[in-house]
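Student: Dumping the structure here so I can ask a few things about it.
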Amino acid sequence: MVFFTLGYAVIWILILGYTALIRSQQSKLEKQIVILEERLREQERAAES
Amino acid sequence: MSDQLDVIGVSKQIGPKRILTDVSFSSITGELLVITGPNGAGKTTLLRLIAGLSKKSSGQILWNGSCYGIDHGSLGYLSHKPMLYETLSVLDNMVFFAKMYDRFSMESIERLLERVGLWLYRYEPAAVLSRGMQQRLALARTLLFDPKLILYDEPFTGLDFNGQKLLREVLEEKRANSIQIVISHELSLLQGLPHEEMKLLRGRMVREGVSCE
Amino acid sequence: MSNYFHRVLLIYVKDIKDEFRTFDNLLSTIIFGVMLVFIFSFAFQLTDLAVDQAFSAVLWVSIFFSSVLAIQRSFAKERENNVMDALLLASGDRGIIFLAKFLCNLTVLLLFELVVVPLLWIFTGISALGHIQAGLFIGSLFLGSWGLAAIGTMLNGITIQLPSARLLFPILLFPLLIPLLIGVIQCTNTALLGVSEPLSGWVYFLISFNILFTVLPLVLFDFVLEG
Amino acid sequence: MLEGWKKFNFWVLMLLVPINIYLIFLYAPVEKTMGIVQKVFYFHVASAWIGLLAFVVVFIASIAYLANRKVQMNHLALASAEIGTLFISCTLLTGPLWAYPIWNTWWTWDPRLTTTLVLWFMYVAYIALQGGGTAENRRRFAAVYGIVAFINVPLVFFSARWWRSIHPIVVSGEGIGLTPKMRFVMFFSIVTFSFLYTYLLGLRYKGISLAERINRLKAELSQ
């Protein structure tokens with residue numbers, strides 16, 4: 001029983017942990033993209049004026 | 001006998017960066033084409049594409065109407081980096097490359113080394129030579145055979161006064177039966193040599209076919 | 001075609017000459033191998049393990065680890081001074097460079113074994129000298145070195161162009177060598193202990209493995225040295 | 001299209017995973033000799049299969065990348081390699097947990113175990129080769145390695161099996177008599193894990209593409 005529980009725990013910890021990790025990573029990246037795009041727009045505006 | 005090099009709509013992209021965009025030009029035997037432009041304009045990349053050392057993303061590079069890779073067979077390349085085996089002696093470097101090009105003859109190697117002024121240094125390993133001497137040795141290697149297409153990437157860099165004079169002689173002499181493409185920002189050194197000029201800016205051609213005396 | 005192999009030979013001869021010119025490198029590889037062999041045999045002695053049985057394992061582990069040192073230098077000469085470009089232009093085919101480097105590495109490995117194997121023999125004091133199958137023993141050394149040199153040369157062509165070459169090379173190399181390790185240890189062990197097992201199968205397996213992993217890198221080397 | 005597929009995939013998973021768990025815990029019979037521990041087996045084998053499938057994807061995407069040099073193919077290969085490592089890790093960790101109470105050993109050099117471990121090493125090497133870098137040559141090298149490593153997998157398996165057939169195996173991996181019910185649950189687990197794989201693949205692929213886009217934006221900004 002111990003090994004059985006351990007076996008399932010390992011699988012779910014790994015899979016859910018990985019999913020959570022890449023999801024959080026992704027939202028971070030999305031935020032960064034928004035900022036970068038804004039900076040790019042600003043740069044273009046500065047170049048025009 | 002006249003050969004023709006056609007570069008048609010060549011682009012090169014590395015990752016997110018566009019190095020070259022839609023570059024086109026043609027050249028025939030007898031021409032000396034000078035490519036100018038600021039650092040990072042893609043000049044070296046263009047030369048490496050023509051040499052087949054690097055792969056283009058799109059477009060065509062044709063020699064007498066057909067594609068070729070690195071197996072061009074009659075292509076000379078002189079870079080500002082001497083590209084020599086540092087542990088091998090001057091003579092061994094020459095002998096090795098002469099054999100690779102299937103043009104091995106001790107007399108012609110002697111003649112070439114005499115010409116670039118390195119015959120007396122023939123047993124020195126290339127590593128101990130000065131920058132200018134290494135560059136002269138690289139020039140001698142280019143002259144080992146008769147390339148129909150010669151590419152020069154900032155060839156004047158590192159050359160002393162005599163070396164520069166020598167290179168100008170070579171440029172003049174090779175005009176008869178080869179296409180020559182030179183990257184250089186020291187246009188003053190090319191004075192007196194009739195040439196075409198082409199300017200690259202951020203990977204695009206901005207000016208082409210200006211003849212200069 | 002003869003021109004193709006002529007160029008392979010030219011580069012090979014140049015590299016071998018260079019290997020001897022910078023003899024200290026070859027020497028330190030050999031010394032490293034001798035050291036490994038010594039440590040292994042000694043450790044086995046200390047634990048009173050049967051050395052006869054362990055001989056081939058010790059031998060091949062030592063060769064695998066030392067080969068990392070030997071092979072890792074194969075493209076160093078070309079890298080130092082951008083000579084690779086000049087060599088590429090002169091040879092006109094990337095496969096030529098692969099074959100030449102592969103042959104050079106194979107030669108170096110065989111030279112290395114020439115020193116290390118007799119030493120290991122002495123250290124372990126292996127008793128089964130009577131019924132050793134010499135042909136099979138030498139053949140297995142050759143086959144193992146062949147596969148090692150072929151895969152190693154290709155991977156070194158990759159890692160030499162990356163900043164973390166030294167760490168990456170063994171990580172990439174060893175997983176690919178597992179089938180070779182299994183086969184070669186079988187062969188060496190049988191050659192030594194003279195067990196009359198159907199062994200020719202392993203020899204054929206090693207030969208096919210080696211041919212596959214010589215042809216495959218030859219095809220893929222264009223992508224490795226694209227620049 | 002991709003977003004729609006991802007949503008669909010997510011809800012399919014939401015449906016399949018509870019059913020799968022129900023099937024494993026309540027529907028599948030308890031194995032007589034091994035007891036309840038045997039139930040780890042359903043996910044253990046399923047993740048091993050997905051690990052291998054992921055490597056097939058790496059292989060195909062690597063060939064596609066070398067042929068047409070689309071970065072997307074490289075992203076796909078890298079995403080697949082990462083998720084493959086995840087599943088192979090699951091297999092490698094649950095394997096001993098299952099083997100110990102049954103065989104009284106954590107590890108045996110069974111061909112399948114050996115191959116799985118070597119596969120894991122090759123995945124790790126592949127990811128290390130990419131190194132998180134976006135340099136073009138790293139992509140090319142990783143593709144070359146992906147191809148060579150995949151071709152190596154059957155060689156590892158057959159050589160390990162061949163070696164084992166000469167040296168008799170102490171503990172055999174065979175001998176799990178699957179009843180039809182068990183077989184059905186097994187099949188269902190593999191289907192569920194396939195959906196899990198495609199879902200994670202989509203997620204990771206998007207993450208890698210976003211990182212690439214950030215690089216592109218930064219390059220534009222610095223120009």
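By convention in this document, the chains of the structure tokens carry letters A, B, ... by their order, each chain's residues are numbered from 1, and ligands are numbered from 1 in the order they are shown.
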Should the cut-off be 12 Å, what would the residue list for chain D against chain C look like, counting only C-alpha atoms, as a ChimeraX atom specification?
Tutor: /D:62-63,65-67,69,109,111,114-131,133,135-167
Student: Do a neighbour search on Phe87 (chain D) at 8 Å with only C-alpha atoms, toss out local chain neighbours closer than 4 positions, and write the hits as a PyMOL selection string.
Tutor: chain D and resi 47-48+50-51+83+91
Student: Output N, CA, C and O atoms of each residue in that selection to a file, as a PDB file, in the first residue's frame.
Tutor:
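Okay, this is what ended up in selection-v1.pdb:
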```
ATOM      1  N   SER D  47       2.988   5.998 -19.212  1.00  0.00           N
ATOM      2  CA  SER D  47       3.958   7.089 -19.350  1.00  0.00           C
ATOM      3  C   SER D  47       5.207   6.625 -20.104  1.00  0.00           C
ATOM      4  O   SER D  47       5.811   7.413 -20.826  1.00  0.00           O
ATOM      5  N   ALA D  48       5.555   5.339 -19.969  1.00  0.00           N
ATOM      6  CA  ALA D  48       6.681   4.835 -20.757  1.00  0.00           C
ATOM      7  C   ALA D  48       6.371   4.928 -22.257  1.00  0.00           C
ATOM      8  O   ALA D  48       7.204   5.366 -23.047  1.00  0.00           O
ATOM      9  N   ILE D  50       4.291   6.962 -23.724  1.00  0.00           N
ATOM     10  CA  ILE D  50       4.268   8.359 -24.155  1.00  0.00           C
ATOM     11  C   ILE D  50       5.692   8.889 -24.263  1.00  0.00           C
ATOM     12  O   ILE D  50       6.011   9.655 -25.174  1.00  0.00           O
ATOM     13  N   GLY D  51       6.546   8.454 -23.346  1.00  0.00           N
ATOM     14  CA  GLY D  51       7.946   8.875 -23.427  1.00  0.00           C
ATOM     15  C   GLY D  51       8.580   8.478 -24.742  1.00  0.00           C
ATOM     16  O   GLY D  51       9.306   9.260 -25.367  1.00  0.00           O
ATOM     17  N   ILE D  83       8.716  17.219 -22.491  1.00  0.00           N
ATOM     18  CA  ILE D  83       7.599  16.447 -21.936  1.00  0.00           C
ATOM     19  C   ILE D  83       7.944  14.966 -21.926  1.00  0.00           C
ATOM     20  O   ILE D  83       7.571  14.244 -20.996  1.00  0.00           O
ATOM     21  N   THR D  91       8.123   7.191 -15.344  1.00  0.00           N
ATOM     22  CA  THR D  91       8.318   5.750 -15.506  1.00  0.00           C
ATOM     23  C   THR D  91       9.461   5.259 -14.631  1.00  0.00           C
ATOM     24  O   THR D  91       9.351   4.248 -13.940  1.00  0.00           O
TER      25      THR D  91
END
```
Student: Provide the CA of Ala28 (chain D) to CA of Trp103 (chain D) distance in Å, to one decimal place.
Tutor: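 CA of Trp103 (chain D) lies 22.0 Å from CA of Ala28 (chain D).
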Student: Write down, as a VMD selection string, each residue of chain D that has any atom within 10 Å of an atom of chain B, counting only C-alpha atoms.
Tutor: chain D and resid 68 to 71 134 to 137 139 212 to 220 223
Student: Give me, as a list in words, the contact residues of chain C against chain B at a cut-off of 9 Å, counting only C-alpha atoms.
Tutor: Asn3, His6, Arg7, Leu10, Ile11, Lys14, Asp18, Arg21, Thr22, Lys77, Glu78, Glu80, Asn81, Asn82, Val83, Met84, Asp85, Ala86, Leu87, Leu88, Leu89, Ala90, Ser91, Gly92, Asp93, Arg94, Leu225, Glu226 and Gly227 of chain C
Student: Give me the residues within 10 Å of Ile211 (chain C) as a PyMOL selection string, counting only C-alpha atoms and dropping any in the same chain fewer than 6 places off.
Tutor: chain C and resi 146-147+150+205
Student: Please return, as a CSV table (one decimal) with N, CA, C and O atoms, in the first residue's frame, all residues of chain B that DSSP assigns to strand (DSSP E or B) on the basis of the backbone.
Tutor:
```csv
chain,number,residue,atom,x,y,z
B,4,GLN,N,30.2,34.0,-65.2
B,4,GLN,CA,29.2,35.0,-64.7
B,4,GLN,C,28.7,34.5,-63.3
B,4,GLN,O,28.4,33.3,-63.1
B,5,LEU,N,28.7,35.4,-62.4
B,5,LEU,CA,28.1,35.1,-61.1
B,5,LEU,C,26.8,35.9,-60.9
B,5,LEU,O,26.8,37.1,-61.1
B,6,ASP,N,25.7,35.2,-60.6
B,6,ASP,CA,24.4,35.9,-60.4
B,6,ASP,C,24.0,35.6,-58.9
B,6,ASP,O,23.9,34.5,-58.5
B,7,VAL,N,23.7,36.7,-58.3
B,7,VAL,CA,23.1,36.6,-56.9
B,7,VAL,C,21.7,37.2,-57.1
B,7,VAL,O,21.5,38.3,-57.4
B,8,ILE,N,20.7,36.3,-56.8
B,8,ILE,CA,19.3,36.7,-57.1
B,8,ILE,C,18.5,36.6,-55.8
B,8,ILE,O,18.2,35.5,-55.3
B,9,GLY,N,18.1,37.7,-55.4
B,9,GLY,CA,17.1,37.8,-54.2
B,9,GLY,C,17.5,37.0,-53.0
B,9,GLY,O,16.7,36.4,-52.4
B,10,VAL,N,18.8,37.1,-52.7
B,10,VAL,CA,19.3,36.3,-51.5
B,10,VAL,C,19.0,37.0,-50.2
B,10,VAL,O,19.2,38.1,-50.0
B,11,SER,N,18.4,36.1,-49.3
B,11,SER,CA,18.2,36.6,-47.9
B,11,SER,C,18.8,35.6,-47.0
B,11,SER,O,19.0,34.4,-47.3
B,12,LYS,N,19.1,36.1,-45.8
B,12,LYS,CA,19.7,35.3,-44.7
B,12,LYS,C,19.1,35.7,-43.4
B,12,LYS,O,19.1,36.9,-43.1
B,13,GLN,N,18.5,34.7,-42.7
B,13,GLN,CA,17.9,35.0,-41.4
B,13,GLN,C,18.5,34.1,-40.4
B,13,GLN,O,18.6,32.9,-40.6
B,14,ILE,N,19.0,34.6,-39.3
B,14,ILE,CA,19.5,33.8,-38.2
B,14,ILE,C,18.6,34.1,-37.0
B,14,ILE,O,18.7,35.1,-36.4
B,17,LYS,N,16.9,37.4,-36.2
B,17,LYS,CA,17.6,38.5,-36.9
B,17,LYS,C,17.6,38.3,-38.4
B,17,LYS,O,17.9,37.2,-38.9
B,18,ARG,N,17.3,39.3,-39.2
B,18,ARG,CA,17.4,39.3,-40.6
B,18,ARG,C,18.7,39.9,-41.0
B,18,ARG,O,18.9,41.1,-40.8
B,19,ILE,N,19.7,39.1,-41.5
B,19,ILE,CA,21.0,39.6,-41.8
B,19,ILE,C,21.0,40.2,-43.1
B,19,ILE,O,21.6,41.3,-43.4
B,20,LEU,N,20.4,39.6,-44.1
B,20,LEU,CA,20.4,40.0,-45.5
B,20,LEU,C,19.0,40.0,-46.0
B,20,LEU,O,18.3,39.0,-45.7
B,21,THR,N,18.6,41.0,-46.7
B,21,THR,CA,17.3,41.0,-47.3
B,21,THR,C,17.4,41.3,-48.8
B,21,THR,O,17.8,42.3,-49.2
B,22,ASP,N,17.0,40.3,-49.6
B,22,ASP,CA,16.7,40.4,-51.0
B,22,ASP,C,17.9,41.1,-51.7
B,22,ASP,O,17.8,42.2,-52.3
B,23,VAL,N,19.1,40.6,-51.6
B,23,VAL,CA,20.3,41.1,-52.3
B,23,VAL,C,20.4,40.5,-53.7
B,23,VAL,O,20.4,39.3,-53.8
B,24,SER,N,20.5,41.4,-54.7
B,24,SER,CA,20.7,40.8,-56.1
B,24,SER,C,21.8,41.6,-56.8
B,24,SER,O,21.8,42.9,-56.6
B,25,PHE,N,22.6,40.9,-57.4
B,25,PHE,CA,23.6,41.6,-58.3
B,25,PHE,C,24.2,40.5,-59.2
B,25,PHE,O,24.1,39.3,-59.0
B,26,SER,N,24.8,41.0,-60.3
B,26,SER,CA,25.6,40.1,-61.2
B,26,SER,C,26.9,40.6,-61.4
B,26,SER,O,27.2,41.8,-61.3
B,27,SER,N,27.8,39.7,-61.8
B,27,SER,CA,29.2,40.1,-62.1
B,27,SER,C,29.8,39.2,-63.1
B,27,SER,O,29.4,38.0,-63.1
B,28,ILE,N,30.6,39.7,-64.0
B,28,ILE,CA,31.3,38.9,-64.9
B,28,ILE,C,32.8,39.0,-64.8
B,28,ILE,O,33.3,39.9,-64.2
B,32,LEU,N,35.7,44.1,-60.9
B,32,LEU,CA,36.1,44.2,-59.5
B,32,LEU,C,35.0,44.9,-58.8
B,32,LEU,O,34.8,46.0,-59.0
B,33,LEU,N,34.3,44.1,-57.9
B,33,LEU,CA,33.2,44.6,-57.2
B,33,LEU,C,33.5,44.9,-55.8
B,33,LEU,O,34.0,44.1,-55.1
B,34,VAL,N,33.3,46.2,-55.4
B,34,VAL,CA,33.6,46.5,-54.0
B,34,VAL,C,32.3,46.7,-53.2
B,34,VAL,O,31.4,47.4,-53.7
B,35,ILE,N,32.2,46.0,-52.1
B,35,ILE,CA,31.1,46.1,-51.3
B,35,ILE,C,31.4,47.0,-50.1
B,35,ILE,O,32.4,46.7,-49.3
B,36,THR,N,30.7,48.0,-49.9
B,36,THR,CA,30.9,48.9,-48.7
B,36,THR,C,29.7,48.9,-47.8
B,36,THR,O,28.7,48.4,-48.2
B,58,SER,N,16.9,32.1,-48.4
B,58,SER,CA,16.1,32.1,-49.7
B,58,SER,C,16.9,32.8,-50.7
B,58,SER,O,17.9,33.5,-50.5
B,59,GLY,N,16.5,32.6,-52.0
B,59,GLY,CA,17.2,33.2,-53.1
B,59,GLY,C,18.1,32.2,-53.8
B,59,GLY,O,18.1,31.1,-53.5
B,60,GLN,N,18.8,32.7,-54.8
B,60,GLN,CA,19.7,31.9,-55.6
B,60,GLN,C,21.0,32.5,-55.8
B,60,GLN,O,21.2,33.7,-56.0
B,61,ILE,N,22.0,31.6,-55.8
B,61,ILE,CA,23.4,32.1,-56.2
B,61,ILE,C,23.8,31.2,-57.3
B,61,ILE,O,23.9,29.9,-57.1
B,62,LEU,N,24.1,31.7,-58.5
B,62,LEU,CA,24.4,30.9,-59.6
B,62,LEU,C,25.8,31.2,-60.2
B,62,LEU,O,26.2,32.4,-60.2
B,63,TRP,N,26.4,30.2,-60.6
B,63,TRP,CA,27.7,30.3,-61.3
B,63,TRP,C,27.5,29.8,-62.7
B,63,TRP,O,27.2,28.7,-62.9
B,66,SER,N,24.3,27.9,-63.0
B,66,SER,CA,23.9,26.7,-62.2
B,66,SER,C,24.3,26.9,-60.8
B,66,SER,O,25.2,27.6,-60.4
B,67,CYS,N,23.6,26.1,-59.9
B,67,CYS,CA,23.8,26.2,-58.5
B,67,CYS,C,25.2,25.6,-58.1
B,67,CYS,O,25.6,24.7,-58.9
B,75,LEU,N,37.5,28.6,-56.3
B,75,LEU,CA,37.1,29.8,-55.5
B,75,LEU,C,38.2,30.2,-54.6
B,75,LEU,O,38.7,29.3,-53.8
B,76,GLY,N,38.6,31.4,-54.6
B,76,GLY,CA,39.6,31.9,-53.6
B,76,GLY,C,38.9,32.7,-52.6
B,76,GLY,O,38.0,33.4,-52.9
B,77,TYR,N,39.5,32.6,-51.4
B,77,TYR,CA,38.8,33.4,-50.3
B,77,TYR,C,39.9,33.9,-49.4
B,77,TYR,O,40.7,33.2,-48.8
B,78,LEU,N,40.0,35.2,-49.3
B,78,LEU,CA,41.0,35.9,-48.5
B,78,LEU,C,40.3,36.7,-47.4
B,78,LEU,O,39.6,37.7,-47.7
B,89,SER,N,54.5,24.9,-40.1
B,89,SER,CA,55.4,26.0,-40.6
B,89,SER,C,54.8,26.6,-41.9
B,89,SER,O,53.8,26.1,-42.4
B,125,PRO,N,57.0,28.3,-37.6
B,125,PRO,CA,55.5,28.0,-37.5
B,125,PRO,C,54.7,29.3,-37.7
B,125,PRO,O,55.2,30.4,-37.4
B,149,LEU,N,36.9,32.9,-59.2
B,149,LEU,CA,36.1,33.8,-58.4
B,149,LEU,C,36.9,34.0,-57.1
B,149,LEU,O,37.2,33.1,-56.4
B,150,ILE,N,37.2,35.3,-56.8
B,150,ILE,CA,38.0,35.5,-55.6
B,150,ILE,C,37.2,36.5,-54.7
B,150,ILE,O,36.8,37.5,-55.1
B,151,LEU,N,37.1,36.1,-53.5
B,151,LEU,CA,36.4,36.9,-52.5
B,151,LEU,C,37.4,37.4,-51.5
B,151,LEU,O,38.2,36.7,-50.9
B,152,TYR,N,37.4,38.7,-51.2
B,152,TYR,CA,38.3,39.3,-50.3
B,152,TYR,C,37.5,40.0,-49.2
B,152,TYR,O,36.6,40.8,-49.5
B,153,ASP,N,37.7,39.6,-47.9
B,153,ASP,CA,37.0,40.2,-46.8
B,153,ASP,C,37.9,41.1,-46.0
B,153,ASP,O,38.8,40.6,-45.3
B,179,ILE,N,36.4,36.9,-61.5
B,179,ILE,CA,35.6,37.8,-60.9
B,179,ILE,C,36.1,38.1,-59.5
B,179,ILE,O,36.5,37.2,-58.8
B,180,GLN,N,36.2,39.4,-59.1
B,180,GLN,CA,36.7,39.6,-57.8
B,180,GLN,C,35.7,40.5,-57.0
B,180,GLN,O,35.2,41.5,-57.5
B,181,ILE,N,35.5,40.1,-55.8
B,181,ILE,CA,34.6,40.8,-54.9
B,181,ILE,C,35.3,41.2,-53.7
B,181,ILE,O,35.9,40.3,-53.0
B,182,VAL,N,35.3,42.5,-53.3
B,182,VAL,CA,36.1,42.9,-52.2
B,182,VAL,C,35.2,43.7,-51.2
B,182,VAL,O,34.4,44.5,-51.6
B,183,ILE,N,35.4,43.3,-50.0
B,183,ILE,CA,34.7,44.1,-48.9
B,183,ILE,C,35.8,45.0,-48.4
B,183,ILE,O,36.9,44.5,-48.0
B,195,HIS,N,36.7,50.1,-60.5
B,195,HIS,CA,35.9,49.1,-59.9
B,195,HIS,C,34.4,49.5,-59.8
B,195,HIS,O,34.1,50.7,-60.0
B,196,GLU,N,33.6,48.6,-59.5
B,196,GLU,CA,32.1,48.9,-59.3
B,196,GLU,C,32.0,49.0,-57.8
B,196,GLU,O,32.6,48.3,-57.1
B,197,GLU,N,31.0,49.7,-57.4
B,197,GLU,CA,30.8,49.8,-56.0
B,197,GLU,C,29.3,49.5,-55.6
B,197,GLU,O,28.4,49.8,-56.3
B,198,MET,N,29.2,48.8,-54.5
B,198,MET,CA,27.8,48.5,-54.0
B,198,MET,C,27.8,48.7,-52.6
B,198,MET,O,28.7,48.4,-51.8
B,199,LYS,N,26.7,49.3,-52.1
B,199,LYS,CA,26.7,49.6,-50.7
B,199,LYS,C,25.6,48.8,-50.0
B,199,LYS,O,24.5,48.7,-50.5
B,200,LEU,N,25.9,48.2,-48.9
B,200,LEU,CA,24.9,47.5,-48.1
B,200,LEU,C,24.6,48.3,-46.8
B,200,LEU,O,25.5,48.8,-46.2
B,201,LEU,N,23.3,48.3,-46.5
B,201,LEU,CA,22.9,49.0,-45.2
B,201,LEU,C,21.9,48.1,-44.6
B,201,LEU,O,20.8,47.8,-45.1
B,204,ARG,N,20.4,45.4,-46.6
B,204,ARG,CA,19.8,45.7,-47.9
B,204,ARG,C,20.8,46.4,-48.8
B,204,ARG,O,21.6,47.2,-48.3
B,205,MET,N,20.6,46.3,-50.1
B,205,MET,CA,21.4,47.0,-51.0
B,205,MET,C,20.9,48.4,-51.2
B,205,MET,O,19.7,48.6,-51.4
B,206,VAL,N,21.7,49.4,-51.0
B,206,VAL,CA,21.2,50.8,-51.1
B,206,VAL,C,21.7,51.5,-52.3
B,206,VAL,O,21.2,52.4,-52.8
B,207,ARG,N,22.8,51.0,-52.8
B,207,ARG,CA,23.4,51.6,-54.0
B,207,ARG,C,24.2,50.6,-54.8
B,207,ARG,O,24.9,49.8,-54.2
B,208,GLU,N,24.0,50.5,-56.0
B,208,GLU,CA,24.7,49.5,-56.8
B,208,GLU,C,25.2,50.1,-58.1
B,208,GLU,O,24.7,51.1,-58.6
B,209,GLY,N,26.2,49.4,-58.6
B,209,GLY,CA,26.7,49.7,-59.9
B,209,GLY,C,27.3,51.1,-60.1
B,209,GLY,O,27.1,51.7,-61.2
B,210,VAL,N,27.9,51.6,-59.1
B,210,VAL,CA,28.6,52.9,-59.3
B,210,VAL,C,30.0,52.6,-59.8
B,210,VAL,O,30.8,52.0,-59.1
B,211,SER,N,30.3,53.1,-61.0
B,211,SER,CA,31.7,52.8,-61.4
B,211,SER,C,32.6,53.9,-60.9
B,211,SER,O,32.3,55.1,-60.9
B,212,CYS,N,33.8,53.5,-60.4
B,212,CYS,CA,34.7,54.5,-59.9
B,212,CYS,C,36.1,54.3,-60.5
B,212,CYS,O,36.4,53.1,-60.8
```
Student: Can you build me a table of chain D residues sitting at most 7 Å from chain A, with the closest atom pair per residue and its distance in Å to one decimal, using only C-alpha atoms, sorted by chain and residue number, as JSON lines?
Tutor:
```
{"residue": "D:Ile36", "atom": "CA", "partner": "A:Met1", "partner_atom": "CA", "distance": 6.7}
{"residue": "D:Val37", "atom": "CA", "partner": "A:Phe4", "partner_atom": "CA", "distance": 4.7}
{"residue": "D:Val40", "atom": "CA", "partner": "A:Gly7", "partner_atom": "CA", "distance": 6.1}
{"residue": "D:Cys90", "atom": "CA", "partner": "A:Ile11", "partner_atom": "CA", "distance": 5.5}
{"residue": "D:Thr94", "atom": "CA", "partner": "A:Gly7", "partner_atom": "CA", "distance": 5.0}
{"residue": "D:Leu97", "atom": "CA", "partner": "A:Phe3", "partner_atom": "CA", "distance": 5.5}
{"residue": "D:Trp98", "atom": "CA", "partner": "A:Phe3", "partner_atom": "CA", "distance": 6.7}
{"residue": "D:Arg204", "atom": "CA", "partner": "A:Ile22", "partner_atom": "CA", "distance": 6.8}
{"residue": "D:Gly207", "atom": "CA", "partner": "A:Gln26", "partner_atom": "CA", "distance": 5.4}
{"residue": "D:Leu210", "atom": "CA", "partner": "A:Leu29", "partner_atom": "CA", "distance": 6.5}
{"residue": "D:Ala211", "atom": "CA", "partner": "A:Leu29", "partner_atom": "CA", "distance": 6.6}
{"residue": "D:Ile214", "atom": "CA", "partner": "A:Ile33", "partner_atom": "CA", "distance": 6.0}
{"residue": "D:Leu217", "atom": "CA", "partner": "A:Leu36", "partner_atom": "CA", "distance": 6.6}
{"residue": "D:Leu221", "atom": "CA", "partner": "A:Leu40", "partner_atom": "CA", "distance": 6.0}
```
Student: As an exercise, work out the distance from CA of Gly84 (chain D) to CA of Val56 (chain D) in Å and give it to one decimal place.
Tutor: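 Separating CA of Gly84 (chain D) from CA of Val56 (chain D) is a distance of 9.9 Å.
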